[in-house]
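**Q** Sharing query_30.txt here; it has compact mmCIF, C-alpha atoms.
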```
# COMPACT_ATOMS: atom_id res chain seq x y z
CA MET N 283 18.91 -27.32 -6.26
CA SER N 284 18.40 -23.99 -4.54
CA THR N 285 18.75 -20.85 -6.66
CA ILE N 286 20.46 -19.06 -3.74
CA PRO N 287 24.30 -19.19 -3.82
CA LEU N 288 25.75 -21.78 -1.43
CA ARG N 289 28.08 -19.41 0.42
CA PRO N 290 27.96 -16.63 3.01
CA LEU N 291 26.39 -13.46 1.63
CA GLY N 292 27.30 -9.84 2.22
CA PHE N 293 24.78 -7.23 3.36
CA GLY N 294 24.33 -5.88 -0.16
CA GLU N 295 24.12 -9.39 -1.62
CA ILE N 296 21.22 -10.22 0.72
CA VAL N 297 19.29 -7.12 -0.34
CA ASP N 298 20.11 -7.69 -4.02
CA GLY N 299 19.20 -11.38 -3.71
CA ALA N 300 15.84 -10.46 -2.22
CA LEU N 301 15.25 -8.13 -5.17
CA GLN N 302 16.16 -10.91 -7.62
CA LEU N 303 13.77 -13.35 -5.93
CA TYR N 304 11.09 -10.66 -6.05
CA ARG N 305 11.62 -9.88 -9.76
CA ARG N 306 11.80 -13.51 -10.82
CA ASP N 307 8.11 -14.20 -10.08
CA PHE N 308 6.77 -10.72 -9.40
CA GLY N 309 3.30 -11.34 -10.87
CA LEU N 310 2.75 -14.50 -8.82
CA TYR N 311 3.74 -12.91 -5.52
CA TYR N 312 1.78 -9.73 -6.19
CA LEU N 313 -1.42 -11.65 -6.92
CA ILE N 314 -1.00 -13.75 -3.77
CA ALA N 315 -0.51 -10.66 -1.61
CA LEU N 316 -3.29 -8.71 -3.36
CA LEU N 317 -5.77 -11.56 -2.88
CA ALA N 318 -5.12 -11.48 0.86
CA ALA N 319 -5.65 -7.70 1.04
CA VAL N 320 -9.09 -7.80 -0.59
CA PRO N 321 -11.21 -9.26 2.30
CA GLY N 322 -10.21 -6.57 4.78
CA TYR N 323 -10.76 -3.86 2.17
CA MET N 324 -14.22 -5.19 1.30
CA LEU N 325 -15.18 -5.45 4.97
CA MET N 326 -14.19 -1.81 5.49
CA LEU N 327 -16.41 -0.81 2.58
CA VAL N 328 -19.36 -2.84 3.84
CA THR N 329 -19.14 -1.76 7.47
CA GLY N 330 -17.96 1.79 6.85
CA ALA N 331 -15.23 1.29 9.45
CA ASP N 332 -12.03 3.26 8.97
CA ALA N 333 -9.19 4.76 10.94
CA THR N 334 -11.20 7.87 11.85
CA LEU N 335 -13.22 5.80 14.34
CA LEU N 336 -10.01 5.00 16.20
CA ALA N 337 -9.05 8.65 16.66
CA ALA N 338 -8.62 10.02 20.15
CA ASP N 339 -12.03 11.66 20.14
CA PRO N 340 -14.16 11.54 23.32
CA GLU N 341 -17.33 11.76 21.23
CA VAL N 342 -16.62 8.58 19.30
CA ASP N 343 -18.98 5.73 20.22
CA PRO N 344 -16.88 3.09 22.03
CA LEU N 345 -18.82 0.30 20.32
CA ALA N 346 -18.20 1.84 16.89
CA ALA N 347 -14.52 2.31 17.69
CA GLY N 348 -14.33 -1.29 18.90
CA GLY N 349 -16.00 -2.52 15.74
CA ALA N 350 -13.58 -0.55 13.60
CA GLY N 351 -10.69 -2.01 15.58
CA LEU N 352 -11.95 -5.55 14.96
CA VAL N 353 -12.24 -4.84 11.23
CA LEU N 354 -8.68 -3.56 11.13
CA ILE N 355 -7.39 -6.55 13.12
CA PHE N 356 -9.20 -8.93 10.77
CA GLY N 357 -7.71 -7.17 7.76
CA TYR N 358 -4.18 -7.33 9.18
CA ALA N 359 -4.63 -11.00 10.06
CA ILE N 360 -5.70 -11.94 6.53
CA VAL N 361 -2.84 -9.92 5.05
CA TRP N 362 -0.48 -11.86 7.32
CA VAL N 363 -1.98 -15.13 6.03
CA GLY N 364 -1.20 -13.86 2.54
CA THR N 365 2.39 -13.24 3.66
CA VAL N 366 2.63 -16.89 4.74
CA ALA N 367 1.31 -17.88 1.30
CA VAL N 368 3.92 -15.66 -0.40
CA ALA N 369 6.65 -17.26 1.73
CA THR N 370 5.33 -20.71 0.80
CA ALA N 371 5.41 -19.85 -2.90
CA MET N 372 8.88 -18.31 -2.66
CA ALA N 373 10.25 -21.38 -0.86
CA GLU N 374 8.95 -23.52 -3.72
CA ARG N 375 10.41 -21.27 -6.41
CA ILE N 376 13.80 -21.14 -4.66
CA GLU N 377 13.94 -24.89 -5.18
CA ASP N 378 12.77 -24.47 -8.80
CA ARG N 379 9.46 -26.22 -8.16
CA PRO N 380 6.33 -25.08 -10.03
CA VAL N 381 3.74 -23.15 -8.06
CA SER N 382 0.57 -21.13 -8.63
CA VAL N 383 -1.62 -18.80 -6.61
CA GLY N 384 -4.10 -21.54 -5.70
CA ARG N 385 -1.39 -24.08 -4.91
CA SER N 386 0.41 -21.57 -2.70
CA TYR N 387 -2.66 -21.02 -0.57
CA ARG N 388 -3.38 -24.76 -0.39
CA LYS N 389 0.16 -25.59 0.72
CA MET N 390 0.10 -22.62 3.10
CA LEU N 391 -2.72 -24.21 5.10
CA ARG N 392 -0.34 -26.95 6.21
CA HIS N 393 2.09 -24.39 7.61
CA LEU N 394 -0.45 -21.93 9.01
CA PRO N 395 -0.96 -23.48 12.51
CA GLY N 396 2.76 -23.58 13.26
CA ALA N 397 3.43 -20.11 11.83
CA ALA N 398 0.46 -18.57 13.65
CA GLY N 399 1.25 -20.31 16.93
CA ALA N 400 4.92 -19.28 16.89
CA SER N 401 4.07 -15.69 15.93
CA ILE N 402 1.39 -15.36 18.62
CA LEU N 403 3.70 -16.87 21.26
CA ALA N 404 6.49 -14.50 20.24
CA PHE N 405 4.08 -11.56 20.39
CA LEU N 406 2.89 -12.49 23.89
CA LEU N 407 6.42 -12.96 25.20
CA PHE N 408 7.60 -9.74 23.62
CA GLY N 409 4.54 -7.87 24.90
CA PHE N 410 5.16 -9.06 28.44
CA ILE N 411 8.86 -8.17 28.42
CA ALA N 412 8.28 -4.84 26.69
CA GLY N 413 5.42 -3.99 29.05
CA VAL N 414 7.52 -4.62 32.15
CA LEU N 415 10.50 -2.64 30.84
CA LEU N 416 8.40 0.28 29.63
CA LEU N 417 6.47 0.37 32.92
CA VAL N 418 9.75 0.69 34.82
CA ALA N 419 10.92 3.34 32.33
CA VAL N 420 7.70 5.34 32.74
CA MET N 421 7.98 5.19 36.54
CA ILE N 422 11.54 6.49 36.32
CA MET N 423 10.43 9.17 33.85
CA THR N 424 7.64 10.26 36.20
CA SER N 425 10.05 10.63 39.09
CA LEU N 426 12.36 12.73 36.89
CA VAL N 427 9.48 15.02 35.89
CA LEU N 428 8.48 15.46 39.54
CA SER N 429 12.08 16.36 40.37
CA GLY N 430 11.62 19.57 38.40
CA SER N 431 14.87 19.17 36.46
CA ILE N 432 14.39 19.92 32.76
CA ALA N 433 17.71 18.33 31.84
CA LEU N 434 16.92 15.09 33.67
CA THR N 435 13.43 15.04 32.13
CA LEU N 436 14.87 15.38 28.62
CA VAL N 437 17.42 12.65 29.30
CA GLY N 438 14.67 10.41 30.66
CA GLY N 439 12.46 11.02 27.62
CA LEU N 440 15.33 10.21 25.32
CA GLY N 441 15.98 7.04 27.30
CA VAL N 442 12.37 5.89 26.93
CA PHE N 443 12.54 6.54 23.17
CA VAL N 444 15.81 4.61 22.84
CA LEU N 445 14.39 1.73 24.89
CA GLY N 446 11.30 1.56 22.66
CA ALA N 447 13.42 1.61 19.50
CA ALA N 448 15.76 -1.07 20.88
CA LEU N 449 12.83 -3.33 21.80
CA THR N 450 11.34 -2.91 18.31
CA MET N 451 14.65 -3.80 16.64
CA PHE N 452 15.07 -6.79 18.95
CA TRP N 453 11.55 -7.95 18.01
CA LEU N 454 12.27 -7.69 14.27
CA ALA N 455 15.46 -9.71 14.63
CA ALA N 456 14.25 -12.31 17.12
CA THR N 457 11.25 -13.32 15.02
CA PHE N 458 12.72 -13.02 11.51
CA ALA N 459 13.14 -16.76 10.88
CA ILE N 460 9.77 -18.00 12.13
CA LEU N 461 8.21 -18.39 8.67
CA PRO N 462 11.17 -20.12 6.93
CA ALA N 463 11.71 -22.34 9.99
CA VAL N 464 8.11 -23.54 9.72
CA ILE N 465 7.84 -23.67 5.91
CA ILE N 466 11.31 -24.88 4.92
CA GLU N 467 12.31 -26.94 7.94
CA GLY N 468 8.86 -28.04 9.15
CA ARG N 469 9.39 -26.90 12.73
CA GLY N 470 6.60 -26.52 15.27
CA VAL N 471 5.54 -23.59 17.42
CA ILE N 472 8.29 -23.71 20.04
CA GLY N 473 10.89 -25.03 17.61
CA ALA N 474 10.35 -22.19 15.12
CA LEU N 475 10.79 -19.52 17.76
CA GLN N 476 13.87 -21.23 19.19
CA ARG N 477 15.27 -21.58 15.68
CA SER N 478 14.81 -17.88 14.97
CA LEU N 479 16.52 -16.86 18.19
CA GLY N 480 19.31 -19.39 17.62
CA LEU N 481 20.11 -18.08 14.14
CA CYS N 482 20.47 -14.56 15.53
CA ARG N 483 23.27 -15.67 17.84
CA GLY N 484 26.51 -14.02 16.78
CA GLY N 485 24.80 -11.92 14.10
CA TRP N 486 22.30 -9.64 15.82
CA LEU N 487 23.54 -6.45 14.15
CA ARG N 488 23.42 -8.00 10.66
CA VAL N 489 19.92 -9.38 11.21
CA ILE N 490 18.66 -6.10 12.68
CA GLY N 491 20.17 -4.11 9.80
CA ILE N 492 18.58 -6.27 7.10
CA MET N 493 15.19 -6.29 8.82
CA ILE N 494 15.20 -2.52 9.25
CA VAL N 495 15.99 -1.98 5.56
CA ALA N 496 13.32 -4.51 4.51
CA SER N 497 10.73 -2.99 6.86
CA ILE N 498 11.37 0.54 5.58
CA ILE N 499 10.92 -0.61 1.98
CA ASN N 500 7.83 -2.60 2.95
CA LEU N 501 6.20 0.44 4.60
CA ALA N 502 7.23 2.89 1.87
CA PRO N 503 4.01 2.57 -0.22
CA THR N 504 1.75 3.32 2.77
CA VAL N 505 3.82 6.36 3.72
CA ALA N 506 3.95 7.53 0.09
CA ILE N 507 0.17 7.23 -0.30
CA THR N 508 -0.41 9.22 2.89
CA VAL N 509 1.91 12.00 1.70
CA LEU N 510 0.40 11.92 -1.80
CA PHE N 511 -3.03 12.68 -0.34
CA GLY N 512 -1.58 15.42 1.83
CA MET N 513 -2.24 13.50 5.05
CA GLN N 514 1.29 13.52 6.44
CA ASP N 515 -0.02 15.22 9.60
CA LEU N 516 -1.49 11.84 10.55
CA PHE N 517 2.01 10.75 11.62
CA THR N 518 2.34 13.55 14.18
CA SER N 519 -1.24 14.40 15.13
CA PRO N 520 -3.82 11.64 15.74
CA GLU N 521 -6.53 14.34 15.90
CA ALA N 522 -5.97 14.92 12.16
CA LEU N 523 -7.70 11.60 11.49
CA GLY N 524 -11.01 13.31 12.15
CA THR N 525 -10.44 15.71 9.26
CA VAL N 526 -10.28 12.96 6.63
CA ASP N 527 -13.53 12.88 4.66
CA SER N 528 -15.07 9.57 3.53
CA GLU N 529 -14.16 10.03 -0.15
CA THR N 530 -10.50 10.71 0.62
CA GLN N 531 -10.42 7.78 3.03
CA TRP N 532 -11.86 5.51 0.32
CA LEU N 533 -9.32 6.71 -2.23
CA MET N 534 -6.47 6.16 0.23
CA ASN N 535 -7.70 2.67 1.14
CA THR N 536 -8.09 1.73 -2.53
CA ALA N 537 -4.64 3.03 -3.43
CA ASN N 538 -3.16 1.18 -0.48
CA LEU N 539 -4.97 -2.01 -1.54
CA LEU N 540 -3.36 -1.91 -4.99
CA ILE N 541 0.08 -0.61 -4.08
CA ALA N 542 0.95 -2.10 -0.67
CA PRO N 543 1.18 -5.70 -2.00
CA LEU N 544 4.01 -4.55 -4.28
CA THR N 545 6.58 -4.54 -1.48
CA ALA N 546 5.40 -7.40 0.75
CA PRO N 547 7.21 -10.02 -1.41
CA PHE N 548 10.47 -8.07 -1.05
CA MET N 549 10.13 -8.34 2.74
CA VAL N 550 9.65 -12.09 2.41
CA GLY N 551 12.59 -12.34 0.00
CA SER N 552 14.83 -10.52 2.48
CA ILE N 553 13.82 -12.98 5.19
CA MET N 554 14.54 -15.95 2.93
CA MET N 555 17.97 -14.64 1.92
CA LEU N 556 18.85 -13.77 5.51
CA PHE N 557 17.67 -17.19 6.72
CA HIS N 558 19.98 -18.87 4.21
CA ASP N 559 22.91 -16.63 5.14
CA ARG N 560 22.52 -17.29 8.87
CA ARG N 561 22.38 -21.07 8.27
CA VAL N 562 25.55 -20.92 6.21
CA ARG N 563 27.41 -18.78 8.73
CA SER N 564 26.31 -20.60 11.88
CA GLU N 565 25.98 -24.19 10.64
CA ALA N 566 28.04 -24.47 7.44
CA TYR N 567 24.81 -25.25 5.61
CA ASP N 568 26.55 -24.70 2.27
CA LEU N 569 29.07 -27.49 2.94
CA GLU N 570 26.36 -29.81 4.24
CA THR N 571 24.23 -29.25 1.16
CA LEU N 572 27.19 -29.70 -1.19
CA ALA N 573 28.14 -32.97 0.53
CA GLY N 574 24.56 -34.21 0.20
CA THR N 575 24.59 -33.38 -3.53
CA MET N 576 27.84 -35.27 -4.07
CA ASP N 577 26.53 -38.29 -2.19
CA ALA N 578 23.42 -38.29 -4.37
CA ARG N 579 25.63 -38.55 -7.44
```
Mind turning this structure into C-alpha cells?

**A**
Amino acid sequence: MSTIPLRPLGFGEIVDGALQLYRRDFGLYYLIALLAAVPGYMLMLVTGADATLLAADPEVDPLAAGGAGLVLIFGYAIVWVGTVAVATAMAERIEDRPVSVGRSYRKMLRHLPGAAGASILAFLLFGFIAGVLLLVAVMIMTSLVLSGSIALTLVGGLGVFVLGAALTMFWLAATFAILPAVIIEGRGVIGALQRSLGLCRGGWLRVIGIMIVASIINLAPTVAITVLFGMQDLFTSPEALGTVDSETQWLMNTANLLIAPLTAPFMVGSIMMLFHDRRVRSEAYDLETLAGTMDAR
C-alpha cells in the first residue's frame, strides 16, 4: 500500500509530502545522489577542466574549452542517472518495499533507456520550438532597436525575457512526469512524454508552481556555495570566471560535490507527490486504487 494519502493534495501538502519522503530515507537517497556526483568530480580533477575554460575569453584554446565542455556534460549526465536511481528507490519506498543503494542502481538500469529516450526527445522538441520562437523574438527586437525608439526597445527586451521565462516554465511542467511514468507505470519513450503532457492538462499553473519551488530549493546549495566563496559576480559577469584561481575552484567543486546531493531527493519527492496528485485529480486514481484493494480482500 502506498504511503502517499489516497486523495487530492493541496499545494502545501505536496511540498510537505515531498519533505516527508525525503526525511524518511534521507541517508539512502543522499548516498545514491552522492555516488553519481563522484565520477564527474574525479574527471574534473584528473583533466583539470573547470568552468573557467568555458568563459567568454578569446584567448582560450577552443580544443581546451571543448574538452571542458565534454567533461561538464559527462558530469551532468551521470548526475542525471543518479536522479533516476533516486526516483527508482523512492518509488520502491513509497510502496514500502526494501531497497538499498546497489539495488536502486541495478533496478534503475531497466528504466534508464526509456527515461533517457523520453528526456532526450523532450529536449529536442523543446529546443526546436524554443529556437524558432526566440529567433522570431530576436528579429522583432532587432527591428525595434533599428527603429531608434528607446521605449519600444525596452518593451521588446522585456518581451524576450518574458518569453524565455515562459518557455522555461512550460518545459519544467511538460516534462515533470517522465521519470514516474517510466518507473512506476513502465511506459516507453513516446508514452512517457505523452503521459507527462496529459497529466498537465487542466493543472498547468499548479504543476508550474510546484516545479518552480522544487527547482529553487534544488539549486539553493549551488547558489549558496557560490555566494559563500564570494563569487556571486559569476551570475552577472561571465568574465569573472577568469578570476577564479585553481584552489578556490577546487574548494567550490568539492563543497558542491558534498552539498548539492542534499536537495536532489527533495526534487524527486516533489515530482512523485505531484505525479500522484495529478493522477488523483484527472483520473480518480484514489478511487481506482481503493476499489482494487477491496477486491483483493

**Q** Select, counting all atoms listed in the file, all protein, DNA and RNA residues no farther than 12 Å from (8.7, -16.8, 11.1) in file coordinates, and express the selection as a count of residues only.

**A** 53

**Q** Excluding same-chain residues fewer than 6 positions from Val328 of chain N, what lies within 12 Å of it counting all atoms listed in the file, as a VMD selection string?

**A** chain N and resid 321 to 322 350 353 532

**Q** Skipping near chain neighbours, those fewer than 2 positions away, what residues fall within 7 Å of Ile314 of chain N using only C-alpha atoms, listed as a CSV table (one decimal) with C-alpha atoms, keeping the file's coordinate frame?

**A**
```csv
chain,number,residue,atom,x,y,z
N,310,LEU,CA,2.8,-14.5,-8.8
N,311,TYR,CA,3.7,-12.9,-5.5
N,312,TYR,CA,1.8,-9.7,-6.2
N,316,LEU,CA,-3.3,-8.7,-3.4
N,317,LEU,CA,-5.8,-11.6,-2.9
N,318,ALA,CA,-5.1,-11.5,0.9
N,364,GLY,CA,-1.2,-13.9,2.5
N,367,ALA,CA,1.3,-17.9,1.3
N,368,VAL,CA,3.9,-15.7,-0.4
N,383,VAL,CA,-1.6,-18.8,-6.6
```

**Q** Could you check the closest approach to Ile286 of chain N for each of N:Leu510, N:Ile490, N:Leu533, N:Val562 and tell me which residue wins, using all atoms listed in the file?

**A**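 For Ile286 of chain N, the nearest of the given residues is N:Val562.
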
**Q** Point out the residue among N:Leu352, N:Gly446, N:Glu377, N:Pro543 with the least atom-to-atom distance to Gly409 of chain N, counting all atoms listed in the file.

**A** N:Gly446

**Q** At what distance in Å, to one decimal, does atom CA of Tyr387 of chain N lie from atom CA of Gln302 of chain N?

**A** 22.5 Å

**Q** Which of these residues is nearest to Glu565 of chain N, using only C-alpha atoms: N:Gly480, N:Pro547, N:Pro503, N:Gly413?

**A**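 For Glu565 of chain N, the nearest of the candidates is N:Gly480.
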
**Q** Which residue gives the smallest distance to Ile498 of chain N among N:Met534, N:Ala546, N:Leu539, N:Ala433, with only C-alpha atoms counted?

**A**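 That would be N:Ala546, the residue with the smallest distance to Ile498 of chain N.
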
**Q** Measure the distance from atom CA of Asp307 of chain N to atom CA of Ile376 of chain N in Å and round it to one decimal.

**A** 10.5 Å
